[in-house]
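Notes follow the structure.
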Amino acid sequence: MDIKTTALGSGIQGIQRGLNNAREQAHEIATAQQGSVTDIAESLVGLKQSLVQVQASAEVVETVDTLLDFLLQGTER
């Protein structure tokens with residue numbers, strides 16, 4: 001049971017971190033000084049990294065859900 005809880009918790013934490021990072025990067029983009037292309041580019045890269053983190057973490061949550069569903073169906077037979 002600890003493995004499932006840990007995996008699910010890790011997936012949820014990853015989603016939360018990715019969303020928090022995305023908010024920070026979006027704020028950096030919105031408040032960047034005009035003409036600061038480097039700052040905007042770095043923030044855009046960070047925003048993309050946040051997206052990838054959320055997607056990967058969502059895959060973890062989905063995998064845990066699928067595994068739990070499989071295990072529960074197996075015990076009902």
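Scheme for the structure tokens: letters A, B, ... for chains in order shown; per-chain residue numbers from 1; ligand numbers from 1 in order shown.
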Quick one: residues within 7 Å of Val64 in chain A, only C-alpha atoms, excluding same-chain residues fewer than 3 positions away - as a compact mmCIF listing (two decimals) with N, CA, C and O atoms, in the first residue's frame?
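Written output follows (result-v6.txt):
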# COMPACT_ATOMS: atom_id res chain seq x y z
N LYS A 4 1.80 2.50 -3.56
CA LYS A 4 0.72 3.16 -4.30
C LYS A 4 0.51 4.58 -3.77
O LYS A 4 0.37 5.52 -4.53
N LEU A 8 1.16 7.90 -5.95
CA LEU A 8 0.07 8.85 -6.18
C LEU A 8 0.41 10.21 -5.60
O LEU A 8 0.22 11.24 -6.25
N VAL A 60 1.79 9.79 -14.22
CA VAL A 60 2.00 8.99 -13.01
C VAL A 60 0.67 8.73 -12.32
O VAL A 60 0.35 7.59 -11.96
N VAL A 61 -0.12 9.78 -12.15
CA VAL A 61 -1.42 9.64 -11.50
C VAL A 61 -2.31 8.70 -12.31
O VAL A 61 -2.99 7.83 -11.75
N LEU A 67 -3.54 1.03 -12.43
CA LEU A 67 -3.07 -0.10 -11.64
C LEU A 67 -4.07 -0.45 -10.55
O LEU A 67 -4.40 -1.62 -10.34
N LEU A 68 -4.57 0.55 -9.85
CA LEU A 68 -5.55 0.29 -8.80
C LEU A 68 -6.83 -0.32 -9.36
O LEU A 68 -7.39 -1.25 -8.78
- request: Fewer than 6 positions away in the same chain doesn't count, so skip those; otherwise give me all residues within 8 Å of Ser50 in chain A, counting only C-alpha atoms, as number ranges by chain.
  value: A: 18-19, 21-22
If you count only C-alpha atoms, the residue of A:Leu72, A:Ala30, A:Ile12, A:Ile40 closest to Ala56 in chain A turns out to be A:Ile12
A straight line from CA of Thr31 in chain A to CA of Ser43 in chain A spans 10.9 Å
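The two atoms in question, CA of Gln53 in chain A and CA of Thr6 in chain A, are spaced 17.4 Å apart.
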Residue neighbourhood Val54 in chain A, 9 Å, only C-alpha atoms, exclusion window fewer than 5 positions, as number ranges by chain | A: 11, 14-19, 49, 59
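If you look at CA of Lys48 in chain A and CA of Thr66 in chain A, they are 26.9 Å away from each other.
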